[in-house]
$ cat protein.cif   # mmCIF, C-alpha atoms and all ligand atoms
data_protein
loop_
_atom_site.label_atom_id
_atom_site.label_comp_id
_atom_site.auth_asym_id
_atom_site.auth_seq_id
_atom_site.Cartn_x
_atom_site.Cartn_y
_atom_site.Cartn_z
CA MET A 245 112.08 116.96 107.19
CA THR A 246 108.54 117.92 106.23
CA LYS A 247 106.68 116.05 103.53
CA PRO A 248 106.71 117.50 100.02
CA ILE A 249 103.42 119.05 98.86
CA TRP A 250 102.04 118.30 95.42
CA ILE A 251 99.24 120.62 94.29
CA LYS A 252 97.71 119.14 91.14
CA HIS A 253 94.88 119.49 88.65
CA ALA A 254 94.39 123.21 89.31
CA THR A 255 91.79 124.29 86.78
CA GLN A 256 93.86 127.44 86.45
CA LEU A 257 97.29 128.11 87.87
CA ALA A 258 98.18 131.81 87.59
CA THR A 259 101.96 131.71 88.02
CA LEU A 260 102.59 135.42 87.33
CA ALA A 261 105.93 134.27 85.93
CA GLY A 262 107.36 136.80 83.50
CA GLU A 263 110.34 138.43 81.90
CA GLY A 264 112.72 140.76 83.70
CA LYS A 265 113.20 141.62 87.33
CA GLY A 266 111.51 145.01 87.58
CA PRO A 267 107.88 146.03 88.06
CA ARG A 268 105.54 145.36 85.13
CA SER A 269 103.77 148.05 83.18
CA GLN A 270 101.31 148.26 80.28
CA GLU A 271 100.74 144.92 78.47
CA ALA A 272 103.09 143.05 80.80
CA MET A 273 100.56 143.62 83.59
CA SER A 274 98.12 141.35 81.73
CA GLU A 275 100.47 138.40 81.32
CA LEU A 276 99.62 136.02 84.12
CA GLY A 277 101.61 132.96 83.02
CA LEU A 278 98.47 130.82 83.10
CA ILE A 279 98.68 127.02 83.14
CA GLU A 280 95.58 124.87 82.69
CA ASP A 281 95.48 121.65 84.68
CA GLY A 282 98.34 123.22 86.60
CA SER A 283 100.55 121.67 89.20
CA LEU A 284 103.34 122.59 91.56
CA TRP A 285 105.76 120.75 93.79
CA ILE A 286 106.88 122.26 97.11
CA GLU A 287 109.71 121.03 99.28
CA ASN A 288 111.43 122.69 102.25
CA GLY A 289 109.22 125.74 101.90
CA ILE A 290 110.43 126.42 98.35
CA ILE A 291 108.73 125.93 94.97
CA GLN A 292 110.66 123.12 93.25
CA ALA A 293 108.68 122.67 90.04
CA VAL A 294 105.78 124.24 88.17
CA GLY A 295 103.98 122.82 85.13
CA THR A 296 101.00 120.76 84.05
CA THR A 297 99.85 117.89 86.24
CA ASN A 298 101.04 115.48 83.58
CA GLU A 299 104.54 116.93 83.49
CA LEU A 300 105.01 116.88 87.24
CA GLU A 301 103.52 113.41 87.57
CA LYS A 302 106.23 112.08 85.25
CA ARG A 303 109.00 114.10 86.77
CA TYR A 304 108.27 113.07 90.37
CA ALA A 305 107.01 109.53 89.56
CA GLU A 306 109.30 108.03 92.17
CA LYS A 307 108.42 110.45 94.94
CA LEU A 308 104.69 110.88 94.44
CA HIS A 309 103.83 108.54 97.30
CA THR A 310 105.88 110.64 99.75
CA ALA A 311 103.90 113.84 99.12
CA ASP A 312 100.86 115.47 100.68
CA ILE A 313 98.53 115.71 97.72
CA VAL A 314 96.23 118.68 97.19
CA GLU A 315 93.49 118.13 94.64
CA ALA A 316 92.81 121.53 93.05
CA SER A 317 90.35 120.73 90.26
CA ASN A 318 87.68 123.42 89.92
CA HIS A 319 89.99 125.84 91.70
CA LEU A 320 92.30 128.72 90.92
CA VAL A 321 95.81 128.75 92.40
CA THR A 322 97.83 131.98 92.70
CA PRO A 323 100.85 133.29 94.56
CA GLY A 324 100.12 134.65 98.03
CA LEU A 325 98.84 138.22 97.80
CA VAL A 326 101.22 140.95 98.91
CA ASP A 327 100.00 144.11 100.65
CA PRO A 328 102.65 146.79 100.09
CA HIS A 329 101.14 149.61 102.18
CA THR A 330 99.62 149.33 105.66
CA HIS A 331 99.49 151.06 109.02
CA VAL A 332 98.59 147.81 110.75
CA VAL A 333 100.29 148.42 114.13
CA TYR A 334 98.14 150.84 116.11
CA GLY A 335 96.24 151.29 119.35
CA GLY A 336 92.51 151.95 119.77
CA SER A 337 89.92 152.53 117.08
CA ARG A 338 88.04 155.46 115.50
CA GLU A 339 84.52 154.34 114.66
CA ARG A 340 83.04 157.69 115.75
CA GLU A 341 85.00 159.43 112.96
CA PHE A 342 83.26 157.20 110.44
CA GLU A 343 79.95 158.61 111.64
CA MET A 344 81.33 162.16 111.69
CA ARG A 345 82.36 161.91 108.04
CA LEU A 346 78.91 160.65 107.10
CA GLU A 347 77.53 163.68 108.92
CA GLY A 348 79.65 165.94 106.72
CA ALA A 349 83.08 166.38 108.35
CA THR A 350 86.08 165.84 106.07
CA TYR A 351 89.13 163.71 106.83
CA MET A 352 91.32 166.82 107.18
CA ASP A 353 88.73 168.68 109.35
CA ILE A 354 88.85 165.82 111.82
CA MET A 355 92.64 165.66 111.79
CA ASN A 356 93.05 169.42 112.18
CA ALA A 357 90.73 169.32 115.20
CA GLY A 358 93.08 166.85 116.93
CA GLY A 359 91.39 163.64 115.77
CA GLY A 360 92.39 161.37 112.93
CA ILE A 361 96.06 160.41 112.97
CA HIS A 362 96.47 162.44 116.21
CA ALA A 363 93.77 160.40 117.95
CA THR A 364 95.45 157.13 117.02
CA ALA A 365 98.82 158.58 118.02
CA ARG A 366 97.47 159.29 121.51
CA MET A 367 96.09 155.77 121.82
CA THR A 368 99.28 154.23 120.43
CA ARG A 369 101.50 156.27 122.74
CA GLU A 370 99.44 154.96 125.68
CA ALA A 371 99.37 151.32 124.61
CA ILE A 372 101.98 148.95 125.99
CA GLU A 373 103.93 146.77 123.58
CA GLU A 374 101.98 143.60 124.48
CA GLU A 375 98.66 145.27 123.63
CA LEU A 376 99.92 146.47 120.26
CA LEU A 377 101.33 143.03 119.58
CA GLU A 378 98.11 141.25 120.42
CA GLN A 379 95.86 143.60 118.44
CA THR A 380 98.14 143.46 115.41
CA MET A 381 98.30 139.65 115.59
CA SER A 382 94.56 139.39 115.08
CA ARG A 383 94.69 141.80 112.12
CA LEU A 384 97.46 139.70 110.60
CA ASP A 385 95.35 136.56 111.09
CA SER A 386 92.65 138.30 109.10
CA PHE A 387 95.11 139.23 106.34
CA LEU A 388 96.18 135.60 106.11
CA ALA A 389 92.56 134.44 105.95
CA HIS A 390 92.16 136.75 102.94
CA GLY A 391 95.11 135.20 101.11
CA VAL A 392 97.74 137.80 102.05
CA THR A 393 101.14 136.35 102.92
CA MET A 394 103.36 139.45 103.04
CA VAL A 395 102.50 142.88 104.46
CA GLU A 396 104.39 146.15 104.55
CA SER A 397 103.86 147.99 107.84
CA LYS A 398 104.47 151.64 108.66
CA SER A 399 105.20 153.31 111.96
CA GLY A 400 103.83 156.85 112.27
CA TYR A 401 101.42 156.71 115.18
CA GLY A 402 104.05 157.97 117.59
CA MET A 403 105.74 160.94 115.94
CA ASN A 404 108.06 160.86 118.92
CA LEU A 405 111.11 158.68 119.28
CA GLU A 406 109.73 156.45 122.01
CA THR A 407 106.51 155.44 120.28
CA GLU A 408 107.97 155.20 116.77
CA LEU A 409 110.54 152.76 118.16
CA LYS A 410 107.81 150.92 120.05
CA GLN A 411 105.83 150.37 116.85
CA LEU A 412 108.91 149.26 114.91
CA ARG A 413 109.99 146.88 117.67
CA VAL A 414 106.52 145.35 117.73
CA MET A 415 106.91 144.71 114.00
CA LYS A 416 110.25 143.04 114.63
CA GLU A 417 108.75 140.82 117.29
CA LEU A 418 105.87 139.91 115.01
CA GLN A 419 108.38 138.51 112.53
CA GLN A 420 109.04 135.77 115.08
CA LYS A 421 105.46 135.38 116.27
CA HIS A 422 103.36 135.43 113.11
CA ALA A 423 103.52 133.49 109.86
CA ILE A 424 103.10 136.62 107.73
CA ASP A 425 106.27 138.38 106.59
CA LEU A 426 106.15 142.00 107.78
CA ILE A 427 108.28 144.55 105.94
CA PRO A 428 108.91 147.63 108.10
CA THR A 429 108.72 151.26 107.01
CA PHE A 430 109.59 154.26 109.18
CA MET A 431 106.93 156.96 108.87
CA GLY A 432 107.77 159.42 111.62
CA ALA A 433 106.54 162.10 109.19
CA HIS A 434 102.91 160.98 109.27
CA ALA A 435 101.73 164.24 110.87
CA VAL A 436 103.21 167.08 112.89
CA PRO A 437 102.60 166.13 116.55
CA PRO A 438 100.88 168.70 118.83
CA GLU A 439 104.09 169.46 120.75
CA PHE A 440 105.58 170.84 117.47
CA LYS A 441 102.47 172.70 116.26
CA GLY A 442 103.57 175.86 114.45
CA LYS A 443 107.19 174.62 114.53
CA GLU A 444 107.00 172.24 111.59
CA ASP A 445 110.59 172.76 110.45
CA GLU A 446 111.82 172.05 113.97
CA PHE A 447 109.93 168.77 113.88
CA VAL A 448 111.62 167.92 110.58
CA ASP A 449 115.02 168.68 112.20
CA TYR A 450 114.10 166.51 115.18
CA LEU A 451 113.05 163.65 112.92
CA ILE A 452 116.25 163.88 110.86
CA ASP A 453 118.67 164.39 113.74
CA LYS A 454 117.12 162.32 116.52
CA MET A 455 114.87 159.66 115.03
CA LEU A 456 116.42 158.56 111.74
CA PRO A 457 119.88 157.70 113.15
CA ILE A 458 118.42 155.40 115.82
CA VAL A 459 115.95 153.72 113.47
CA ALA A 460 118.85 153.04 111.12
CA GLU A 461 121.28 151.97 113.84
CA GLU A 462 118.81 149.45 115.25
CA ASN A 463 118.04 148.28 111.72
CA LEU A 464 114.32 148.73 112.31
CA ALA A 465 113.14 149.81 108.85
CA GLU A 466 113.87 149.44 105.14
CA PHE A 467 111.74 152.27 103.80
CA ASN A 468 111.08 155.88 104.78
CA ASP A 469 107.63 157.34 104.09
CA VAL A 470 106.22 160.89 104.36
CA PHE A 471 102.67 162.28 104.24
CA CYS A 472 103.30 165.01 101.66
CA GLU A 473 100.02 166.92 101.74
CA LYS A 474 98.82 170.50 102.14
CA GLY A 475 98.66 171.18 105.88
CA VAL A 476 100.93 168.25 106.73
CA PHE A 477 104.43 168.20 105.12
CA THR A 478 105.34 170.40 102.15
CA PRO A 479 107.20 168.94 99.17
CA GLU A 480 110.35 170.74 100.41
CA GLN A 481 110.08 169.26 103.91
CA SER A 482 109.25 165.86 102.45
CA LYS A 483 112.30 166.01 100.21
CA ARG A 484 114.58 166.83 103.14
CA ILE A 485 113.25 163.89 105.14
CA LEU A 486 113.50 161.44 102.24
CA GLU A 487 116.99 162.57 101.21
CA ALA A 488 118.14 162.26 104.82
CA GLY A 489 116.72 158.73 104.99
CA LYS A 490 118.62 157.80 101.84
CA GLU A 491 121.88 158.63 103.65
CA TYR A 492 120.99 155.80 106.05
CA GLY A 493 120.00 153.41 103.27
CA LEU A 494 116.25 153.88 103.74
CA VAL A 495 114.37 153.74 100.43
CA PRO A 496 111.85 156.57 99.92
CA LYS A 497 108.10 156.14 99.62
CA ILE A 498 105.57 159.02 99.59
CA HIS A 499 101.91 159.46 100.51
CA ALA A 500 101.34 161.78 97.58
CA ASP A 501 98.52 163.91 96.20
CA GLU A 502 95.84 162.19 98.26
CA ILE A 503 93.62 165.14 99.15
CA GLU A 504 94.91 167.89 96.85
CA PRO A 505 97.32 168.09 93.92
CA TYR A 506 100.59 169.04 95.63
CA GLY A 507 103.48 167.90 93.45
CA GLY A 508 103.87 164.62 95.34
CA ALA A 509 104.03 162.41 92.25
CA GLU A 510 106.66 164.70 90.74
CA LEU A 511 108.66 164.58 93.97
CA ALA A 512 108.48 160.76 94.05
CA ALA A 513 110.04 160.61 90.60
CA LYS A 514 112.66 163.21 91.55
CA VAL A 515 113.89 161.58 94.76
CA GLY A 516 113.88 158.08 93.21
CA ALA A 517 111.08 156.79 95.46
CA ILE A 518 110.31 153.12 94.94
CA SER A 519 106.62 153.99 95.03
CA ALA A 520 104.18 156.84 95.44
CA GLU A 521 100.96 156.09 97.32
CA HIS A 522 97.32 157.22 96.96
CA LEU A 523 97.72 159.66 93.99
CA LEU A 524 94.00 160.47 93.83
CA LYS A 525 94.80 163.99 92.67
CA ALA A 526 98.10 163.38 90.86
CA SER A 527 98.73 165.76 87.94
CA ASP A 528 99.36 164.59 84.38
CA GLU A 529 102.93 165.89 84.67
CA GLY A 530 103.37 163.85 87.84
CA ILE A 531 102.05 160.72 86.16
CA HIS A 532 104.44 161.17 83.24
CA ALA A 533 107.36 161.85 85.54
CA MET A 534 106.58 158.61 87.40
CA ALA A 535 106.35 156.64 84.14
CA LYS A 536 109.71 158.00 83.07
CA ALA A 537 111.39 157.27 86.39
CA GLY A 538 109.76 153.83 86.74
CA THR A 539 108.14 154.81 90.07
CA ILE A 540 105.45 152.35 91.11
CA ALA A 541 102.00 153.83 91.74
CA CYS A 542 100.66 152.13 94.84
CA LEU A 543 96.91 152.72 94.57
CA LEU A 544 94.45 152.35 97.43
CA PRO A 545 90.90 152.15 96.08
CA ALA A 546 89.42 151.02 99.42
CA THR A 547 90.62 154.28 100.99
CA ALA A 548 89.04 156.35 98.20
CA LEU A 549 85.76 154.47 98.64
CA TYR A 550 85.83 154.81 102.43
CA LEU A 551 86.46 158.56 102.21
CA ARG A 552 83.83 158.76 99.46
CA GLU A 553 86.36 160.20 97.03
CA GLU A 554 86.85 159.40 93.37
CA ALA A 555 89.50 156.70 93.03
CA ALA A 556 92.92 157.33 91.49
CA ALA A 557 93.21 157.23 87.71
CA GLY A 558 94.56 153.69 87.62
CA ARG A 559 93.58 153.02 84.01
CA LYS A 560 95.20 156.23 82.84
CA MET A 561 98.38 155.50 84.81
CA ILE A 562 98.77 152.02 83.31
CA ASP A 563 98.15 153.39 79.82
CA ALA A 564 100.77 156.07 80.47
CA GLY A 565 103.33 153.38 81.35
CA VAL A 566 103.30 153.60 85.17
CA PRO A 567 103.66 150.22 86.91
CA VAL A 568 100.70 149.89 89.28
CA ALA A 569 100.46 148.03 92.60
CA ILE A 570 97.42 147.99 94.90
CA SER A 571 97.02 147.79 98.65
CA THR A 572 94.50 147.92 101.49
CA ASP A 573 96.17 150.89 103.27
CA CYS A 574 94.87 149.07 106.38
CA ASN A 575 94.60 151.74 109.08
CA PRO A 576 92.07 152.80 111.74
CA GLY A 577 90.91 155.96 109.95
CA SER A 578 90.68 155.95 106.18
CA SER A 579 90.66 152.22 105.44
CA PRO A 580 90.00 149.79 108.28
CA THR A 581 90.10 146.65 106.14
CA THR A 582 92.39 143.66 105.68
CA SER A 583 90.72 142.44 102.51
CA MET A 584 93.05 142.46 99.52
CA PRO A 585 90.46 140.51 97.49
CA LEU A 586 88.05 143.43 98.00
CA VAL A 587 90.81 145.82 96.93
CA MET A 588 91.31 143.79 93.73
CA ASN A 589 87.56 143.99 93.03
CA LEU A 590 87.59 147.74 93.64
CA ALA A 591 90.66 148.20 91.44
CA CYS A 592 88.54 146.80 88.60
CA ILE A 593 85.30 148.56 89.45
CA SER A 594 86.52 152.00 90.46
CA MET A 595 89.84 152.31 88.60
CA ARG A 596 89.02 150.20 85.52
CA LEU A 597 91.91 147.81 85.85
CA THR A 598 91.24 144.53 84.08
CA PRO A 599 90.98 141.43 86.30
CA ALA A 600 94.42 140.34 85.08
CA GLU A 601 96.00 143.73 85.84
CA ALA A 602 94.43 143.73 89.31
CA LEU A 603 95.99 140.34 90.07
CA THR A 604 99.42 141.51 88.89
CA ALA A 605 99.01 144.67 90.98
CA ALA A 606 98.24 142.59 94.10
CA THR A 607 101.04 140.05 93.64
CA TYR A 608 104.13 140.66 91.50
CA ASN A 609 103.98 144.48 91.31
CA ALA A 610 103.07 144.66 95.00
CA ALA A 611 106.19 142.60 95.77
CA CYS A 612 108.23 145.03 93.63
CA ALA A 613 106.88 147.97 95.67
CA ILE A 614 108.64 146.51 98.73
CA ASN A 615 111.65 145.06 96.94
CA ARG A 616 110.64 141.43 97.42
CA GLN A 617 110.09 140.31 93.82
CA GLU A 618 113.07 137.96 93.94
CA LYS A 619 111.40 135.97 96.70
CA VAL A 620 107.62 136.24 96.32
CA GLY A 621 104.91 137.60 94.03
CA SER A 622 104.97 134.76 91.49
CA ILE A 623 104.99 130.97 91.39
CA GLU A 624 108.43 130.20 90.02
CA VAL A 625 111.09 127.64 90.85
CA GLY A 626 113.25 128.75 93.76
CA LYS A 627 110.74 131.20 95.20
CA GLN A 628 109.18 131.03 98.66
CA ALA A 629 106.14 128.71 98.60
CA ASP A 630 103.51 131.34 99.50
CA ILE A 631 100.45 129.95 97.73
CA VAL A 632 96.68 130.51 97.75
CA LEU A 633 94.02 128.02 96.68
CA TRP A 634 90.82 129.88 95.74
CA ASP A 635 87.31 128.53 95.57
CA VAL A 636 86.81 129.89 92.04
CA LYS A 637 87.78 128.44 88.66
CA ASN A 638 89.72 131.32 87.16
CA TYR A 639 91.08 134.79 87.85
CA GLN A 640 88.14 136.54 86.18
CA GLU A 641 85.72 134.83 88.54
CA LEU A 642 87.85 135.96 91.49
CA GLN A 643 87.34 139.61 90.55
CA TYR A 644 83.75 139.17 89.38
CA LEU A 645 82.24 137.63 92.53
CA PHE A 646 82.96 140.56 94.81
CA GLY A 647 82.75 141.25 98.52
CA VAL A 648 83.18 137.56 99.32
CA ASN A 649 86.27 135.79 100.64
CA HIS A 650 87.04 132.97 98.18
CA VAL A 651 90.15 131.72 99.99
CA LYS A 652 90.07 127.97 100.49
CA ALA A 653 93.64 127.36 101.68
CA VAL A 654 96.89 129.25 102.17
CA TRP A 655 100.46 127.92 102.42
CA LYS A 656 103.14 130.15 103.89
CA LYS A 657 106.71 129.02 103.15
CA GLY A 658 105.25 125.61 102.33
CA VAL A 659 103.28 125.29 105.58
CA LYS A 660 99.51 125.22 105.47
CA VAL A 661 98.28 128.13 107.59
CA VAL A 662 94.66 128.44 106.42
CA GLY A 663 92.16 125.76 105.36
O1 LIG B 701 97.34 156.38 104.12
N1 LIG B 701 96.88 159.64 104.65
C1 LIG B 701 97.60 159.40 105.60
N2 LIG B 701 97.74 158.26 106.28
C2 LIG B 701 96.85 157.14 106.26
C3 LIG B 701 95.69 157.30 107.16
C4 LIG B 701 96.06 157.24 108.57
C5 LIG B 701 94.93 157.44 109.53
O2 LIG B 701 93.92 158.08 109.24
O3 LIG B 701 95.09 156.93 110.64
C6 LIG B 701 96.46 156.79 104.85
O4 LIG B 701 95.29 156.92 104.45
FE FE B 702 98.69 155.05 104.12
#
$ encode --input "protein.cif" --output "structure tokens"
Amino acid sequence: MTKPIWIKHATQLATLAGEGKGPRSQEAMSELGLIEDGSLWIENGIIQAVGTTNELEKRYAEKLHTADIVEASNHLVTPGLVDPHTHVVYGGSREREFEMRLEGATYMDIMNAGGGIHATARMTREAIEEELLEQTMSRLDSFLAHGVTMVESKSGYGMNLETELKQLRVMKELQQKHAIDLIPTFMGAHAVPPEFKGKEDEFVDYLIDKMLPIVAEENLAEFNDVFCEKGVFTPEQSKRILEAGKEYGLVPKIHADEIEPYGGAELAAKVGAISAEHLLKASDEGIHAMAKAGTIACLLPATALYLREEAAAGRKMIDAGVPVAISTDCNPGSSPTTSMPLVMNLACISMRLTPAEALTAATYNAACAINRQEKVGSIEVGKQADIVLWDVKNYQELQYLFGVNHVKAVWKKGVKVVG
């Protein structure tokens, strides 16, 4: 039996506790469930009580001496951050492309010339499982150091059965080997691989007939994602892939309207996707369709910044009633970062989210985007004790002092893993 943990005297405890079980939109994104002089009691990896220090002191009077005490005065305490969109398992790196873009090449120019996703696919196809495992472990360490305790992870750097399965199996192994919870997504439709160039529909058939059944049979993924973009997969092809995944119980997600407006947001609403990602160029109709369907907009402001594009219209989406989550999009091309705190800062600066909305988008709504809101995303009794102690006094300060890692300590399932 491990000792209970009593975190007390938090200057501000942002519980993110709220009404209902679904993602939050509009005003509900600003309700952080704040407690001053906050306190929580953790036992067996689960949050047992949340309240003021005074309340918990009385309630646990008889057990106080058995606990590990964490003095949190002058600090903010929040739930562990959740990153609902990454491509964290990959081989190699692409620093030369960063230079090429600064010299004037676009993301799609590089990809169409065989670089970009294709370059990482070659390096990932070549890498052995142990290499992928080791490289991903160190990225996950970095996520944890930035206060992230749950990460969604996509395949998609294989685009053939062997390598897609290799990536997904690495994710499965990482569940045992790393403290972070990894939530797997199949993204065989990340690009059309060179062996199917000019035969895009045949690749879609191959993915549906040969890849999906095995991914489902081996229980390797929960979600199914598609890069729906001009020159990659059309809305029709994307729909086929997502509908086929649904037959196997895989929940749709879509990389939508990133480079050009292409009907991706509309498609997300139509196929009942849990979330649509990027949305830099989403149309007003698409935004309204998402609001109506309750589709989460998973926005990636670090990617927009890195590609020197204008960020998605986060403010407008929230005002239109779309629940918004945010994510790093951690990948070797368009967003090589593991810093969710930076993403929260950017959500405020480049998408005009308020500091409170950015925190909701990085915790509770992010958990909703990967169907984990019953377990994580808020500090409530019965939830997994994924907790971050920040070296700032309140949530506004967390978003205001930007580009700095304010994490002081992290507990994962009640075990201290950072600090
Ligand atoms: O979400 N846009 C497509 N996929 C990734 C980038 C992948 C890569 O460049 O390696 C994204 O930005
Ligand atoms: Fe992505």
$ residues_around --input "protein.cif" --residues "Ala556 in chain A" --least-positions-apart "2" --cutoff "6 Å" --atoms "only C-alpha atoms" --output "ChimeraX atom specification"
/A:523-524,558
$ atom_distance --input "protein.cif" --atom1 "CA of Phe471 in chain A" --atom2 "CA of Arg559 in chain A"
24.0 Å
$ closest_residue --input "protein.cif" --among "A:Gly565, A:Gly335, A:Gly442, A:Pro576" --to "ligand LIG 701 (chain B)" --atoms "only C-alpha atoms and all ligand atoms"
A:Pro576
$ residues_around --input "protein.cif" --residues "range 480-492 of chain A" --least-positions-apart "2" --cutoff "7 Å" --atoms "all atoms listed in the file" --output "PyMOL selection string"
chain A and resi 448+452+456+460+468+470+472+477-478+494-496
$ closest_residue --input "protein.cif" --among "A:Ser269, A:Thr246, A:Asn356, A:Thr350" --to "Ala569 in chain A" --atoms "all atoms listed in the file"
A:Ser269
$ decode --input "protein.cif" --residues "range 287-311 of chain A" --atoms "N, CA and C atoms" --output "mmCIF file, in the first residue's frame"
data_model
loop_
_atom_site.group_PDB
_atom_site.id
_atom_site.type_symbol
_atom_site.label_atom_id
_atom_site.label_comp_id
_atom_site.auth_asym_id
_atom_site.auth_seq_id
_atom_site.Cartn_x
_atom_site.Cartn_y
_atom_site.Cartn_z
ATOM 1 N N GLU A 287 -5.394 8.670 -2.848
ATOM 2 C CA GLU A 287 -5.049 7.344 -2.314
ATOM 3 C C GLU A 287 -5.224 6.308 -3.404
ATOM 4 N N ASN A 288 -4.316 5.356 -3.473
ATOM 5 C CA ASN A 288 -4.375 4.288 -4.485
ATOM 6 C C ASN A 288 -4.504 4.830 -5.911
ATOM 7 N N GLY A 289 -3.846 5.947 -6.160
ATOM 8 C CA GLY A 289 -3.829 6.498 -7.513
ATOM 9 C C GLY A 289 -5.089 7.235 -7.913
ATOM 10 N N ILE A 290 -6.031 7.358 -6.967
ATOM 11 C CA ILE A 290 -7.338 7.964 -7.287
ATOM 12 C C ILE A 290 -7.563 9.189 -6.394
ATOM 13 N N ILE A 291 -8.231 10.199 -6.945
ATOM 14 C CA ILE A 291 -8.569 11.384 -6.156
ATOM 15 C C ILE A 291 -9.724 11.015 -5.205
ATOM 16 N N GLN A 292 -9.478 11.179 -3.902
ATOM 17 C CA GLN A 292 -10.489 10.762 -2.911
ATOM 18 C C GLN A 292 -11.319 11.948 -2.417
ATOM 19 N N ALA A 293 -10.696 13.127 -2.375
ATOM 20 C CA ALA A 293 -11.426 14.295 -1.869
ATOM 21 C C ALA A 293 -10.802 15.563 -2.423
ATOM 22 N N VAL A 294 -11.648 16.567 -2.634
ATOM 23 C CA VAL A 294 -11.210 17.861 -3.156
ATOM 24 C C VAL A 294 -11.957 18.936 -2.375
ATOM 25 N N GLY A 295 -11.254 19.971 -1.927
ATOM 26 C CA GLY A 295 -11.937 21.044 -1.201
ATOM 27 C C GLY A 295 -10.947 22.090 -0.746
ATOM 28 N N THR A 296 -11.296 22.829 0.303
ATOM 29 C CA THR A 296 -10.329 23.772 0.857
ATOM 30 C C THR A 296 -9.426 22.997 1.820
ATOM 31 N N THR A 297 -8.305 23.591 2.157
ATOM 32 C CA THR A 297 -7.375 22.923 3.078
ATOM 33 C C THR A 297 -8.074 22.656 4.406
ATOM 34 N N ASN A 298 -8.838 23.641 4.845
ATOM 35 C CA ASN A 298 -9.580 23.511 6.094
ATOM 36 C C ASN A 298 -10.521 22.311 6.100
ATOM 37 N N GLU A 299 -11.261 22.187 5.024
ATOM 38 C CA GLU A 299 -12.238 21.081 4.926
ATOM 39 C C GLU A 299 -11.552 19.718 4.981
ATOM 40 N N LEU A 300 -10.466 19.597 4.209
ATOM 41 C CA LEU A 300 -9.820 18.283 4.161
ATOM 42 C C LEU A 300 -9.070 17.971 5.453
ATOM 43 N N GLU A 301 -8.575 19.016 6.091
ATOM 44 C CA GLU A 301 -7.864 18.836 7.362
ATOM 45 C C GLU A 301 -8.811 18.207 8.399
ATOM 46 N N LYS A 302 -10.040 18.710 8.412
ATOM 47 C CA LYS A 302 -11.041 18.171 9.356
ATOM 48 C C LYS A 302 -11.417 16.748 8.959
ATOM 49 N N ARG A 303 -11.686 16.590 7.678
ATOM 50 C CA ARG A 303 -12.184 15.299 7.216
ATOM 51 C C ARG A 303 -11.177 14.166 7.446
ATOM 52 N N TYR A 304 -9.900 14.454 7.251
ATOM 53 C CA TYR A 304 -8.881 13.405 7.360
ATOM 54 C C TYR A 304 -8.071 13.519 8.655
ATOM 55 N N ALA A 305 -8.630 14.238 9.658
ATOM 56 C CA ALA A 305 -7.891 14.521 10.898
ATOM 57 C C ALA A 305 -7.144 13.292 11.415
ATOM 58 N N GLU A 306 -7.793 12.143 11.348
ATOM 59 C CA GLU A 306 -7.181 10.941 11.913
ATOM 60 C C GLU A 306 -6.088 10.317 11.046
ATOM 61 N N LYS A 307 -6.071 10.696 9.786
ATOM 62 C CA LYS A 307 -5.110 10.047 8.879
ATOM 63 C C LYS A 307 -3.999 10.983 8.420
ATOM 64 N N LEU A 308 -4.071 12.251 8.854
ATOM 65 C CA LEU A 308 -3.115 13.230 8.329
ATOM 66 C C LEU A 308 -1.670 12.787 8.497
ATOM 67 N N HIS A 309 -1.377 12.168 9.623
ATOM 68 C CA HIS A 309 0.013 11.778 9.904
ATOM 69 C C HIS A 309 0.503 10.649 8.996
ATOM 70 N N THR A 310 -0.414 9.973 8.312
ATOM 71 C CA THR A 310 0.007 8.858 7.437
ATOM 72 C C THR A 310 0.360 9.340 6.033
ATOM 73 N N ALA A 311 0.062 10.624 5.734
ATOM 74 C CA ALA A 311 0.167 11.088 4.341
ATOM 75 C C ALA A 311 1.508 11.752 4.021
#
